[in-house]
file coords-v9.pdb (PDB, C-alpha atoms)
ATOM      1  CA  MET S 342      84.315 112.741  80.440
ATOM      2  CA  ALA S 343      83.052 112.303  83.988
ATOM      3  CA  LEU S 344      85.256 109.282  84.700
ATOM      4  CA  GLN S 345      88.416 111.108  83.642
ATOM      5  CA  ALA S 346      87.488 114.030  85.901
ATOM      6  CA  LYS S 347      86.809 111.744  88.886
ATOM      7  CA  VAL S 348      90.100 109.873  88.436
ATOM      8  CA  ALA S 349      91.952 113.203  88.360
ATOM      9  CA  GLU S 350      89.989 114.582  91.335
ATOM     10  CA  THR S 351      90.662 111.568  93.549
ATOM     11  CA  GLY S 352      94.179 110.769  92.343
ATOM     12  CA  ALA S 353      93.111 107.218  91.499
ATOM     13  CA  ASP S 354      95.377 104.913  89.506
ATOM     14  CA  LEU S 355      92.474 103.483  87.510
ATOM     15  CA  GLY S 356      88.848 104.295  86.820
ATOM     16  CA  ILE S 357      86.312 101.825  85.452
ATOM     17  CA  ALA S 358      82.742 102.567  84.373
ATOM     18  CA  PHE S 359      79.977 100.467  82.850
ATOM     19  CA  ASP S 360      77.707 101.518  80.011
ATOM     20  CA  GLY S 361      73.948 101.836  80.559
ATOM     21  CA  ASP S 362      73.125  98.135  80.387
ATOM     22  CA  ALA S 363      76.496  96.978  81.803
ATOM     23  CA  ASP S 364      77.520  94.905  78.791
ATOM     24  CA  ARG S 365      80.648  97.001  78.164
ATOM     25  CA  ILE S 366      83.171  98.821  80.308
ATOM     26  CA  GLY S 367      85.440 101.787  79.861
ATOM     27  CA  ALA S 368      88.709 102.300  81.704
ATOM     28  CA  ILE S 369      90.885 105.347  82.355
ATOM     29  CA  ASP S 370      94.446 105.246  83.684
ATOM     30  CA  GLY S 371      95.819 107.560  86.364
ATOM     31  CA  HIS S 372      96.901 110.048  83.674
ATOM     32  CA  GLY S 373      93.400 110.336  82.201
ATOM     33  CA  ARG S 374      94.151 108.201  79.137
ATOM     34  CA  ILE S 375      91.535 105.790  77.823
ATOM     35  CA  ILE S 376      92.576 102.128  78.057
ATOM     36  CA  PRO S 377      91.132 100.211  75.087
ATOM     37  CA  GLY S 378      89.134  97.124  76.057
ATOM     38  CA  ASP S 379      91.592  94.648  74.585
ATOM     39  CA  MET S 380      94.489  96.311  76.399
ATOM     40  CA  LEU S 381      92.523  96.020  79.632
ATOM     41  CA  VAL S 382      92.595  92.251  79.093
ATOM     42  CA  ALA S 383      96.403  92.424  78.888
ATOM     43  CA  VAL S 384      96.549  94.490  82.089
ATOM     44  CA  LEU S 385      94.405  91.957  83.929
ATOM     45  CA  CYS S 386      96.539  89.083  82.619
ATOM     46  CA  HIS S 387      99.648  90.593  84.218
ATOM     47  CA  ARG S 388      98.069  89.918  87.599
ATOM     48  CA  ARG S 389      96.337  86.604  86.970
ATOM     49  CA  LEU S 390      98.609  84.569  84.690
ATOM     50  CA  PRO S 391     101.617  84.434  87.052
ATOM     51  CA  ARG S 392      99.268  82.778  89.553
ATOM     52  CA  HIS S 393      97.808  80.431  86.926
ATOM     53  CA  PRO S 394     100.615  79.372  84.552
ATOM     54  CA  GLY S 395      99.295  78.029  81.259
ATOM     55  CA  GLY S 396      95.867  79.531  81.903
ATOM     56  CA  VAL S 397      93.668  79.930  78.854
ATOM     57  CA  VAL S 398      92.562  83.487  78.057
ATOM     58  CA  ILE S 399      89.640  83.714  75.658
ATOM     59  CA  ALA S 400      89.323  86.906  73.615
ATOM     60  CA  ASP S 401      87.271  87.885  70.598
ATOM     61  CA  VAL S 402      88.300  88.656  67.043
ATOM     62  CA  LYS S 403      88.584  92.409  67.792
ATOM     63  CA  THR S 404      91.465  91.750  70.200
ATOM     64  CA  SER S 405      94.814  92.960  68.876
ATOM     65  CA  LYS S 406      97.782  90.708  68.173
ATOM     66  CA  THR S 407      99.662  92.704  70.822
ATOM     67  CA  VAL S 408      97.324  91.343  73.494
ATOM     68  CA  PHE S 409      97.585  87.745  72.244
ATOM     69  CA  ASP S 410     101.382  88.120  72.239
ATOM     70  CA  ALA S 411     101.318  89.510  75.801
ATOM     71  CA  ILE S 412      99.210  86.573  76.995
ATOM     72  CA  ALA S 413     101.699  84.099  75.512
ATOM     73  CA  LYS S 414     104.690  86.012  76.925
ATOM     74  CA  LEU S 415     103.112  85.860  80.385
ATOM     75  CA  GLY S 416     102.831  82.076  80.082
ATOM     76  CA  GLY S 417      99.164  81.937  79.170
ATOM     77  CA  THR S 418      97.416  80.284  76.265
ATOM     78  CA  PRO S 419      95.521  82.777  74.099
ATOM     79  CA  LEU S 420      92.350  81.499  72.444
ATOM     80  CA  MET S 421      90.166  83.358  69.941
TER
END
call {"tool": "encode", "arguments": {"input": "coords-v9.pdb", "output": "structure tokens"}}
result
Amino acid sequence: MALQAKVAETGADLGIAFDGDADRIGAIDGHGRIIPGDMLVAVLCHRRLPRHPGGVVIADVKTSKTVFDAIAKLGGTPLM
């Protein structure tokens, strides 16, 4: 995958790419592993929720329980 190669080439910690019509994204970590979309939500919550305690995070039905649990553990309010 081109994104994995570019992350490796540049030594980036994270790579993000959009699909053709930009309604979905893909993410790669610094080790070339794919980050599933719902896990990306959890990653983003680690940065935002400490700044916004009790913040509501809306996710769809495809989001794993692990992500909803992480949101609650970080002090957020998960909402499906």
call {"tool": "residues_around", "arguments": {"input": "coords-v9.pdb", "residues": "Phe409 of chain S", "least_positions_apart": "2", "cutoff": "9 Å", "atoms": "all atoms listed in the file", "output": "ChimeraX atom specification"}}
result
/S:383,398,400,404-407,411-414,418-421
call {"tool": "atom_distance", "arguments": {"input": "coords-v9.pdb", "atom1": "atom CA of Ala368 of chain S", "atom2": "atom CA of Gly417 of chain S"}}
result
23.0 Å
call {"tool": "closest_residue", "arguments": {"input": "coords-v9.pdb", "among": "S:Gly367, S:Gly352, S:Gly395, S:Ala343", "to": "Met380 of chain S", "atoms": "all atoms listed in the file"}}
result
S:Gly367
call {"tool": "closest_residue", "arguments": {"input": "coords-v9.pdb", "among": "S:Leu381, S:Ala353, S:Ile376, S:Gly416", "to": "His393 of chain S", "atoms": "only C-alpha atoms"}}
result
S:Gly416
call {"tool": "atom_distance", "arguments": {"input": "coords-v9.pdb", "atom1": "atom CA of Lys403 of chain S", "atom2": "atom CA of Leu390 of chain S"}}
result
21.2 Å
call {"tool": "closest_residue", "arguments": {"input": "coords-v9.pdb", "among": "S:Val402, S:Ala363, S:Val408, S:Ile357", "to": "Asp379 of chain S", "atoms": "only C-alpha atoms"}}
result
S:Val408
call {"tool": "atom_distance", "arguments": {"input": "coords-v9.pdb", "atom1": "atom CA of Gly361 of chain S", "atom2": "atom CA of Asp401 of chain S"}}
result
21.7 Å
call {"tool": "build_atoms", "arguments": {"input": "coords-v9.pdb", "residues": "segment 350-380 of chain S", "atoms": "N, CA and C atoms", "output": "PDB file, in the coordinates of the input"}}
result
ATOM      1  N   GLU S 350      90.396 113.984  90.053  1.00  0.00           N
ATOM      2  CA  GLU S 350      89.989 114.582  91.335  1.00  0.00           C
ATOM      3  C   GLU S 350      90.444 113.753  92.530  1.00  0.00           C
ATOM      4  N   THR S 351      90.346 112.447  92.420  1.00  0.00           N
ATOM      5  CA  THR S 351      90.662 111.568  93.549  1.00  0.00           C
ATOM      6  C   THR S 351      92.103 111.071  93.554  1.00  0.00           C
ATOM      7  N   GLY S 352      92.815 111.271  92.440  1.00  0.00           N
ATOM      8  CA  GLY S 352      94.179 110.769  92.343  1.00  0.00           C
ATOM      9  C   GLY S 352      94.242 109.257  92.192  1.00  0.00           C
ATOM     10  N   ALA S 353      93.167 108.674  91.675  1.00  0.00           N
ATOM     11  CA  ALA S 353      93.111 107.218  91.499  1.00  0.00           C
ATOM     12  C   ALA S 353      94.092 106.753  90.422  1.00  0.00           C
ATOM     13  N   ASP S 354      94.509 105.514  90.515  1.00  0.00           N
ATOM     14  CA  ASP S 354      95.377 104.913  89.506  1.00  0.00           C
ATOM     15  C   ASP S 354      94.578 104.400  88.310  1.00  0.00           C
ATOM     16  N   LEU S 355      93.309 104.091  88.539  1.00  0.00           N
ATOM     17  CA  LEU S 355      92.474 103.483  87.510  1.00  0.00           C
ATOM     18  C   LEU S 355      91.026 103.837  87.777  1.00  0.00           C
ATOM     19  N   GLY S 356      90.287 104.096  86.725  1.00  0.00           N
ATOM     20  CA  GLY S 356      88.848 104.295  86.820  1.00  0.00           C
ATOM     21  C   GLY S 356      88.156 103.372  85.850  1.00  0.00           C
ATOM     22  N   ILE S 357      87.074 102.737  86.297  1.00  0.00           N
ATOM     23  CA  ILE S 357      86.312 101.825  85.452  1.00  0.00           C
ATOM     24  C   ILE S 357      84.846 102.194  85.552  1.00  0.00           C
ATOM     25  N   ALA S 358      84.169 102.254  84.410  1.00  0.00           N
ATOM     26  CA  ALA S 358      82.742 102.567  84.373  1.00  0.00           C
ATOM     27  C   ALA S 358      82.046 101.610  83.408  1.00  0.00           C
ATOM     28  N   PHE S 359      80.805 101.312  83.709  1.00  0.00           N
ATOM     29  CA  PHE S 359      79.977 100.467  82.850  1.00  0.00           C
ATOM     30  C   PHE S 359      79.064 101.331  81.991  1.00  0.00           C
ATOM     31  N   ASP S 360      78.694 100.810  80.816  1.00  0.00           N
ATOM     32  CA  ASP S 360      77.707 101.518  80.011  1.00  0.00           C
ATOM     33  C   ASP S 360      76.320 101.299  80.625  1.00  0.00           C
ATOM     34  N   GLY S 361      75.299 101.852  79.998  1.00  0.00           N
ATOM     35  CA  GLY S 361      73.948 101.836  80.559  1.00  0.00           C
ATOM     36  C   GLY S 361      73.388 100.474  80.901  1.00  0.00           C
ATOM     37  N   ASP S 362      73.650  99.464  80.077  1.00  0.00           N
ATOM     38  CA  ASP S 362      73.125  98.135  80.387  1.00  0.00           C
ATOM     39  C   ASP S 362      74.221  97.175  80.859  1.00  0.00           C
ATOM     40  N   ALA S 363      75.384  97.714  81.191  1.00  0.00           N
ATOM     41  CA  ALA S 363      76.496  96.978  81.803  1.00  0.00           C
ATOM     42  C   ALA S 363      77.033  95.830  80.958  1.00  0.00           C
ATOM     43  N   ASP S 364      76.925  95.950  79.624  1.00  0.00           N
ATOM     44  CA  ASP S 364      77.520  94.905  78.791  1.00  0.00           C
ATOM     45  C   ASP S 364      78.883  95.314  78.239  1.00  0.00           C
ATOM     46  N   ARG S 365      79.321  96.529  78.551  1.00  0.00           N
ATOM     47  CA  ARG S 365      80.648  97.001  78.164  1.00  0.00           C
ATOM     48  C   ARG S 365      81.205  97.864  79.283  1.00  0.00           C
ATOM     49  N   ILE S 366      82.547  97.949  79.328  1.00  0.00           N
ATOM     50  CA  ILE S 366      83.171  98.821  80.308  1.00  0.00           C
ATOM     51  C   ILE S 366      84.145  99.764  79.621  1.00  0.00           C
ATOM     52  N   GLY S 367      84.408 100.858  80.297  1.00  0.00           N
ATOM     53  CA  GLY S 367      85.440 101.787  79.861  1.00  0.00           C
ATOM     54  C   GLY S 367      86.432 101.936  80.995  1.00  0.00           C
ATOM     55  N   ALA S 368      87.685 102.154  80.670  1.00  0.00           N
ATOM     56  CA  ALA S 368      88.709 102.300  81.704  1.00  0.00           C
ATOM     57  C   ALA S 368      89.593 103.495  81.385  1.00  0.00           C
ATOM     58  N   ILE S 369      90.019 104.179  82.438  1.00  0.00           N
ATOM     59  CA  ILE S 369      90.885 105.347  82.355  1.00  0.00           C
ATOM     60  C   ILE S 369      92.073 105.109  83.272  1.00  0.00           C
ATOM     61  N   ASP S 370      93.290 105.394  82.801  1.00  0.00           N
ATOM     62  CA  ASP S 370      94.446 105.246  83.684  1.00  0.00           C
ATOM     63  C   ASP S 370      94.618 106.497  84.548  1.00  0.00           C
ATOM     64  N   GLY S 371      95.587 106.471  85.430  1.00  0.00           N
ATOM     65  CA  GLY S 371      95.819 107.560  86.364  1.00  0.00           C
ATOM     66  C   GLY S 371      96.220 108.870  85.712  1.00  0.00           C
ATOM     67  N   HIS S 372      96.541 108.836  84.414  1.00  0.00           N
ATOM     68  CA  HIS S 372      96.901 110.048  83.674  1.00  0.00           C
ATOM     69  C   HIS S 372      95.747 110.550  82.811  1.00  0.00           C
ATOM     70  N   GLY S 373      94.576 109.920  82.956  1.00  0.00           N
ATOM     71  CA  GLY S 373      93.400 110.336  82.201  1.00  0.00           C
ATOM     72  C   GLY S 373      93.298 109.761  80.803  1.00  0.00           C
ATOM     73  N   ARG S 374      94.174 108.808  80.477  1.00  0.00           N
ATOM     74  CA  ARG S 374      94.151 108.201  79.137  1.00  0.00           C
ATOM     75  C   ARG S 374      93.164 107.028  79.113  1.00  0.00           C
ATOM     76  N   ILE S 375      92.462 106.902  78.005  1.00  0.00           N
ATOM     77  CA  ILE S 375      91.535 105.790  77.823  1.00  0.00           C
ATOM     78  C   ILE S 375      92.330 104.514  77.577  1.00  0.00           C
ATOM     79  N   ILE S 376      91.964 103.441  78.264  1.00  0.00           N
ATOM     80  CA  ILE S 376      92.576 102.128  78.057  1.00  0.00           C
ATOM     81  C   ILE S 376      91.612 101.326  77.179  1.00  0.00           C
ATOM     82  N   PRO S 377      92.018 101.004  75.951  1.00  0.00           N
ATOM     83  CA  PRO S 377      91.132 100.211  75.087  1.00  0.00           C
ATOM     84  C   PRO S 377      90.787  98.868  75.746  1.00  0.00           C
ATOM     85  N   GLY S 378      89.610  98.360  75.440  1.00  0.00           N
ATOM     86  CA  GLY S 378      89.134  97.124  76.057  1.00  0.00           C
ATOM     87  C   GLY S 378      90.090  95.959  75.924  1.00  0.00           C
ATOM     88  N   ASP S 379      90.687  95.782  74.743  1.00  0.00           N
ATOM     89  CA  ASP S 379      91.592  94.648  74.585  1.00  0.00           C
ATOM     90  C   ASP S 379      92.859  94.833  75.415  1.00  0.00           C
ATOM     91  N   MET S 380      93.305  96.066  75.566  1.00  0.00           N
ATOM     92  CA  MET S 380      94.489  96.311  76.399  1.00  0.00           C
ATOM     93  C   MET S 380      94.185  96.077  77.878  1.00  0.00           C
TER      94      MET S 380
END
